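Colleague: upload23.cif is reproduced below (mmCIF, C-alpha atoms).
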data_entry
#
loop_
_atom_site.label_atom_id
_atom_site.label_comp_id
_atom_site.auth_asym_id
_atom_site.auth_seq_id
_atom_site.Cartn_x
_atom_site.Cartn_y
_atom_site.Cartn_z
CA MET I 124 0.00 0.00 0.00
CA THR I 125 1.32 3.41 -0.86
CA ALA I 126 1.34 6.44 1.43
CA ASP I 127 -1.87 7.76 -0.16
CA GLY I 128 -3.73 4.53 0.71
CA THR I 129 -3.86 3.01 -2.78
CA LEU I 130 -2.52 -0.39 -3.72
CA GLY I 131 0.80 -0.35 -5.43
CA SER I 132 1.02 -2.14 -8.80
CA ALA I 133 2.70 -5.26 -7.38
CA SER I 134 -0.02 -5.62 -4.74
CA ALA I 135 -2.76 -4.98 -7.25
CA ASP I 136 -1.26 -7.56 -9.64
CA SER I 137 -1.02 -10.09 -6.81
CA ALA I 138 -4.60 -9.45 -5.69
CA SER I 139 -5.80 -9.79 -9.27
CA ALA I 140 -3.88 -13.05 -9.76
CA ASP I 141 -5.33 -14.44 -6.49
CA SER I 142 -8.83 -13.54 -7.66
CA VAL I 143 -8.34 -15.22 -11.03
CA SER I 144 -6.89 -18.29 -9.31
CA ALA I 145 -9.86 -18.49 -6.91
CA ASP I 146 -12.31 -18.04 -9.79
CA LYS I 147 -10.66 -20.87 -11.71
CA ALA I 148 -10.71 -23.13 -8.65
CA VAL I 149 -14.43 -22.50 -8.08
CA GLU I 150 -15.17 -23.09 -11.76
CA ALA I 151 -13.21 -26.36 -11.73
CA ALA I 152 -15.03 -27.49 -8.59
CA ALA I 153 -18.40 -26.66 -10.16
CA ARG I 154 -17.53 -28.63 -13.29
CA ALA I 155 -16.48 -31.62 -11.18
CA ALA I 156 -19.69 -31.36 -9.14
CA ARG I 157 -21.73 -31.22 -12.34
CA GLY I 158 -20.34 -34.65 -13.23
CA THR I 159 -22.05 -36.18 -10.17
CA VAL I 160 -25.53 -34.72 -10.71
CA ALA I 161 -26.95 -37.61 -12.79
CA ASP I 162 -25.77 -40.21 -10.27
CA LEU I 163 -27.30 -38.32 -7.36
CA ALA I 164 -30.60 -37.82 -9.18
CA ALA I 165 -30.85 -41.54 -9.98
CA ALA I 166 -29.72 -42.88 -6.60
CA PRO I 167 -32.34 -44.78 -4.59
CA ASP I 168 -33.52 -43.04 -1.41
CA GLU I 169 -32.02 -45.80 0.74
CA GLN I 170 -28.60 -45.30 -0.83
CA LEU I 171 -28.64 -41.59 -0.04
CA ASP I 172 -29.73 -42.24 3.55
CA ASP I 173 -27.00 -44.88 3.88
CA ALA I 174 -24.50 -42.29 2.61
CA LEU I 175 -25.61 -39.89 5.37
CA ARG I 176 -25.16 -42.64 7.97
CA ALA I 177 -21.73 -43.44 6.53
CA ILE I 178 -20.72 -39.78 6.82
CA ALA I 179 -21.84 -39.85 10.48
CA ASP I 180 -19.78 -42.99 11.10
CA GLN I 181 -16.78 -41.51 9.29
CA LEU I 182 -17.08 -38.37 11.39
CA GLY I 183 -16.71 -40.54 14.48
CA SER I 184 -13.76 -42.51 13.15
CA GLN I 185 -11.98 -39.39 11.87
CA ALA I 186 -12.76 -37.24 14.91
CA ASP I 187 -9.10 -37.02 15.96
CA ALA I 188 -8.03 -35.73 12.54
CA VAL I 189 -10.93 -33.25 12.45
CA LEU I 190 -10.16 -32.00 15.97
CA ALA I 191 -6.44 -31.64 15.16
CA ALA I 192 -7.23 -29.58 12.06
CA ASN I 193 -9.66 -27.51 14.09
CA GLN I 194 -7.06 -26.83 16.77
CA ALA I 195 -4.73 -25.54 14.05
CA ASP I 196 -7.55 -23.25 12.81
CA ILE I 197 -8.16 -21.99 16.34
CA ALA I 198 -4.46 -21.29 16.91
CA ALA I 199 -4.27 -19.34 13.64
CA ALA I 200 -7.47 -17.45 14.47
CA ARG I 201 -6.10 -16.45 17.88
CA ALA I 202 -2.90 -15.26 16.22
CA ASP I 203 -5.05 -13.16 13.88
CA GLY I 204 -6.83 -11.58 16.85
CA ILE I 205 -10.12 -13.48 16.63
CA ARG I 206 -11.70 -13.73 20.07
CA ASP I 207 -14.78 -14.70 22.07
CA ALA I 208 -17.96 -15.55 20.12
CA LEU I 209 -16.21 -15.72 16.75
CA LEU I 210 -13.65 -18.12 18.17
CA ASP I 211 -16.38 -20.20 19.79
CA ARG I 212 -18.21 -20.59 16.43
CA LEU I 213 -14.98 -21.89 14.95
CA ARG I 214 -14.35 -24.40 17.75
CA LEU I 215 -15.14 -28.09 17.45
CA ASP I 216 -14.94 -30.50 20.38
CA PRO I 217 -16.05 -34.11 20.93
CA ALA I 218 -19.55 -33.05 22.02
CA ARG I 219 -20.01 -30.90 18.89
CA ILE I 220 -18.70 -33.72 16.68
CA GLU I 221 -21.21 -36.07 18.31
CA ALA I 222 -24.03 -33.54 17.78
CA ILE I 223 -23.14 -33.17 14.09
CA ALA I 224 -23.18 -36.96 13.71
CA GLY I 225 -26.55 -37.07 15.49
CA GLN I 226 -27.95 -34.55 13.01
CA LEU I 227 -26.77 -36.75 10.13
CA TRP I 228 -28.48 -39.79 11.64
CA ALA I 229 -31.68 -37.80 12.16
CA LEU I 230 -31.64 -36.50 8.57
CA ALA I 231 -31.18 -40.05 7.27
CA GLU I 232 -34.40 -41.02 9.03
CA VAL I 233 -36.47 -38.26 7.40
CA PRO I 234 -38.54 -39.84 4.61
CA ALA I 235 -37.65 -38.56 1.15
CA GLU I 236 -40.20 -36.46 -0.67
CA SER I 237 -41.77 -38.16 -3.65
CA SER I 238 -40.53 -36.79 -6.96
CA ARG I 239 -44.10 -36.91 -8.36
CA ARG I 240 -47.29 -35.74 -6.73
CA THR I 241 -50.79 -35.42 -8.07
CA ILE I 242 -52.13 -31.94 -7.49
CA ARG I 243 -55.67 -32.51 -8.77
CA GLU I 244 -57.72 -34.05 -11.53
CA LEU I 245 -58.93 -31.66 -14.20
CA PRO I 246 -61.90 -31.91 -16.56
CA ASP I 247 -61.64 -34.31 -19.50
CA GLY I 248 -59.48 -36.78 -17.54
CA LEU I 249 -56.42 -34.54 -17.32
CA VAL I 250 -54.29 -34.85 -14.20
CA LEU I 251 -52.22 -31.96 -12.89
CA THR I 252 -48.99 -33.46 -11.54
CA GLU I 253 -46.06 -31.79 -9.83
CA VAL I 254 -42.69 -33.22 -10.79
CA ARG I 255 -39.68 -32.33 -8.64
CA ARG I 256 -36.16 -32.43 -9.96
CA PRO I 257 -32.86 -31.60 -8.32
CA VAL I 258 -31.44 -28.19 -9.15
CA GLY I 259 -28.08 -29.66 -10.11
CA VAL I 260 -25.09 -27.79 -8.71
CA ILE I 261 -25.54 -25.32 -5.88
CA GLY I 262 -22.89 -22.97 -4.57
CA ALA I 263 -22.68 -22.31 -0.85
CA ASN I 264 -20.50 -19.52 0.48
CA PHE I 265 -20.56 -19.38 4.26
CA GLU I 266 -18.67 -17.95 7.18
CA ALA I 267 -15.93 -19.77 9.06
CA ARG I 268 -18.05 -22.37 10.87
CA PRO I 269 -16.74 -25.88 10.30
CA ASN I 270 -20.00 -27.61 11.29
CA VAL I 271 -21.68 -25.92 8.33
CA VAL I 272 -19.51 -27.96 5.94
CA VAL I 273 -21.31 -31.12 7.04
CA ASP I 274 -24.69 -29.40 7.39
CA ILE I 275 -24.71 -28.14 3.81
CA ALA I 276 -23.16 -31.26 2.31
CA SER I 277 -25.79 -33.44 4.00
CA GLN I 278 -28.57 -31.24 2.61
CA PHE I 279 -27.05 -31.57 -0.86
CA VAL I 280 -27.06 -35.36 -0.53
CA LYS I 281 -30.62 -35.55 0.80
CA SER I 282 -31.93 -33.21 -1.93
CA ARG I 283 -29.94 -35.03 -4.67
CA ASN I 284 -27.93 -31.93 -5.55
CA ALA I 285 -24.21 -31.50 -5.95
CA GLY I 286 -22.47 -28.44 -4.60
CA VAL I 287 -19.45 -26.28 -4.21
CA LEU I 288 -18.64 -25.21 -0.66
CA ARG I 289 -16.63 -22.10 0.13
CA THR I 290 -15.86 -21.11 3.69
CA GLY I 291 -13.92 -18.35 5.37
CA SER I 292 -10.18 -18.80 5.71
CA ALA I 293 -10.36 -19.14 9.49
CA ALA I 294 -11.96 -22.60 9.15
CA ILE I 295 -10.07 -23.80 6.09
CA ARG I 296 -8.12 -26.64 7.76
CA SER I 297 -11.23 -27.98 9.45
CA ALA I 298 -13.28 -27.64 6.25
CA ILE I 299 -10.71 -29.47 4.13
CA THR I 300 -10.41 -32.30 6.65
CA LEU I 301 -14.19 -32.64 6.92
CA ALA I 302 -14.58 -32.62 3.13
CA ASP I 303 -11.70 -34.96 2.33
CA GLU I 304 -11.58 -37.31 5.32
CA VAL I 305 -15.24 -37.48 6.28
CA ILE I 306 -17.65 -36.54 3.47
CA ALA I 307 -15.75 -37.66 0.36
CA ARG I 308 -15.07 -41.11 1.75
#
The structure given in the file should be rewritten as C-alpha cells.
Modeller:
Amino acid sequence: MTADGTLGSASADSASADSVSADKAVEAAARAARGTVADLAAAPDEQLDDALRAIADQLGSQADAVLAANQADIAAARADGIRDALLDRLRLDPARIEAIAGQLWALAEVPAESSRRTIRELPDGLVLTEVRRPVGVIGANFEARPNVVVDIASQFVKSRNAGVLRTGSAAIRSAITLADEVIAR
C-alpha cells in the first residue's frame, strides 16, 4: 500500500492473480460437481440415507483428525486476533462432533419427498402433476463455521444436488479435513 492509501502495482497484480486463481478453482469445482448430478438424481432413497449414515460414522472414526485440524484453525485465528464468540463458532470439540453426527443420523431417518405428486384431476381426464427435480449444482459460500460444511453437504445429498462449498479462511483446515476425510469417503 502506498502512502496515499492506494494499492501499489505489485499488490494490485497479486490481488488480481489471487482472484483469477480463486475463480478458476471454483469453476473447476463446479464442473467436477456437475459430473455427479446424474448419479445423485438416480440414486435410490435408501442409498442416499445410507450415505448420510456413513458420513456420520466416518465423522466418528476421523474425529481425531478433524479435531487436530480444528485446533490448528483456532491457533491461527487467535494469532489473527479473533476472540470470544467468533472463536467459539470456529471451535469443534467431541460433544459438537457427536451432535453433528446425530444430526446426520436424524436426517437419514427423514422420509424422502416423492418426486411426483398429483395436485388434482382436471376436466376431461387430465391430471395436474407436480414433478420435482434436483437443481443440479448449488454454490454455498458461508462464514468460518466448520460444522456448516457437514450441514450443507448433507442437505445436498438428501436433496440429490451437488455443490461447491466455500468457507472463510479461518476454518479452512477444518473444512478441508471434513470434506476430504469425512464426506468424500
Colleague: How many Å lie between atom CA of Asp180 of chain I and atom CA of Ala224 of chain I, rounded to one decimal?
Modeller: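 Spanning atom CA of Asp180 of chain I to atom CA of Ala224 of chain I is a straight-line distance of 7.4 Å.
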Colleague: Would you pick out the contacts of segment 288-296 of chain I at 7 Å or less, using all atoms listed in the file, so that residues sharing its chain but fewer than 2 positions from it are not included, and give the list as a ChimeraX atom specification?
Modeller: /I:192-193,196,200,213,262-269,286,298-300
Colleague: To one decimal place, how far is atom CA of Ile306 of chain I from atom CA of Ala195 of chain I in Å?
Modeller: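 Atom-to-atom, atom CA of Ile306 of chain I to atom CA of Ala195 of chain I, that is 20.0 Å.
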Colleague: For a quick check of understanding, using all atoms listed in the file, which of I:Ser297, I:Val160, I:Ala179, I:Ala229 has the smallest distance to Ala199 of chain I?
Modeller: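 So, comparing all the options, the nearest one is I:Ser297.
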Colleague: Show which residues sit within 12 Å of Glu232 of chain I, as a ChimeraX atom specification. Count all atoms listed in the file, and ignore same-chain residues fewer than 5 positions away.
Modeller: /I:168-169,171-176,225-227,281
Colleague: What does the PyMOL selection byres ((chain I and resi 147-156) around 10) select in this file, as a PyMOL selection string?
Modeller: chain I and resi 141-146+157-160+259-262+284-289
Colleague: Suppose we keep C-alpha atoms; can you now write the selection as an mmCIF file, in the frame of the given file?
Modeller:
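Heads up, here's the output in out10.cif:
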data_model
loop_
_atom_site.group_PDB
_atom_site.id
_atom_site.type_symbol
_atom_site.label_atom_id
_atom_site.label_comp_id
_atom_site.auth_asym_id
_atom_site.auth_seq_id
_atom_site.Cartn_x
_atom_site.Cartn_y
_atom_site.Cartn_z
ATOM 1 C CA ASP I 141 -5.330 -14.440 -6.490
ATOM 2 C CA SER I 142 -8.830 -13.540 -7.660
ATOM 3 C CA VAL I 143 -8.340 -15.220 -11.030
ATOM 4 C CA SER I 144 -6.890 -18.290 -9.310
ATOM 5 C CA ALA I 145 -9.860 -18.490 -6.910
ATOM 6 C CA ASP I 146 -12.310 -18.040 -9.790
ATOM 7 C CA ARG I 157 -21.730 -31.220 -12.340
ATOM 8 C CA GLY I 158 -20.340 -34.650 -13.230
ATOM 9 C CA THR I 159 -22.050 -36.180 -10.170
ATOM 10 C CA VAL I 160 -25.530 -34.720 -10.710
ATOM 11 C CA GLY I 259 -28.080 -29.660 -10.110
ATOM 12 C CA VAL I 260 -25.090 -27.790 -8.710
ATOM 13 C CA ILE I 261 -25.540 -25.320 -5.880
ATOM 14 C CA GLY I 262 -22.890 -22.970 -4.570
ATOM 15 C CA ASN I 284 -27.930 -31.930 -5.550
ATOM 16 C CA ALA I 285 -24.210 -31.500 -5.950
ATOM 17 C CA GLY I 286 -22.470 -28.440 -4.600
ATOM 18 C CA VAL I 287 -19.450 -26.280 -4.210
ATOM 19 C CA LEU I 288 -18.640 -25.210 -0.660
ATOM 20 C CA ARG I 289 -16.630 -22.100 0.130
#
Colleague: Step by step, work through what the PyMOL selection byres ((chain I and resi 240) around 10) selects in the shown file, and finish by giving those residues as a list of chain:residue names.
Modeller: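 Checking the PyMOL selection byres ((chain I and resi 240) around 10) against this file, the residues are I:Glu236, I:Ser237, I:Ser238, I:Arg239, I:Thr241, I:Ile242, I:Arg243, I:Leu251, I:Thr252, I:Glu253, I:Val254, I:Arg255.
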Colleague: Figure out the distance between atom CA of Ala191 of chain I and atom CA of Ala302 of chain I, please, to one decimal in Å.
Modeller: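 About the pair atom CA of Ala302 of chain I and atom CA of Ala191 of chain I: they are 14.6 Å apart.
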Colleague: Around (-31.1, -32.1, -2.6) in the file's frame, which residues reach within 9 Å when counting only C-alpha atoms? Return as a PyMOL selection string?
Modeller: chain I and resi 163-164+256-259+277-285
Colleague: Using all atoms listed in the file, give me every residue within 9 Å of (-12.0, -37.5, 4.7) in file coordinates, as a list in words.
Modeller: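 Residues lying no farther than 9 Å from the given point: Gln181, Leu182, Gln185, Ala188, Val189, Ile299, Thr300, Leu301, Ala302, Asp303, Glu304, Val305, Ile306, Ala307 and Arg308 of chain I.
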Colleague: Expanded to explicit residues, what is the PyMOL selection byres ((chain I and resi 220) around 9) for this file, as a list in words?
Modeller: Leu182, Gly183, Ala186, Val189, Leu190, Leu215, Asp216, Pro217, Ala218, Arg219, Glu221, Ala222, Ile223, Ala224, Gly225 and Asn270 of chain I
Colleague: Given only C-alpha atoms as the basis, pick out the residue of I:Val271, I:Gln170, I:Ala161, I:Ala198 nearest to Arg212 of chain I.
Modeller: I:Val271
Colleague: Here is a test: counting all atoms listed in the file, which residue of I:Ile205, I:Leu210, I:Ile275, I:Leu245 is nearest to Leu230 of chain I?
Modeller: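 For Leu230 of chain I, the nearest of the given residues is I:Ile275.
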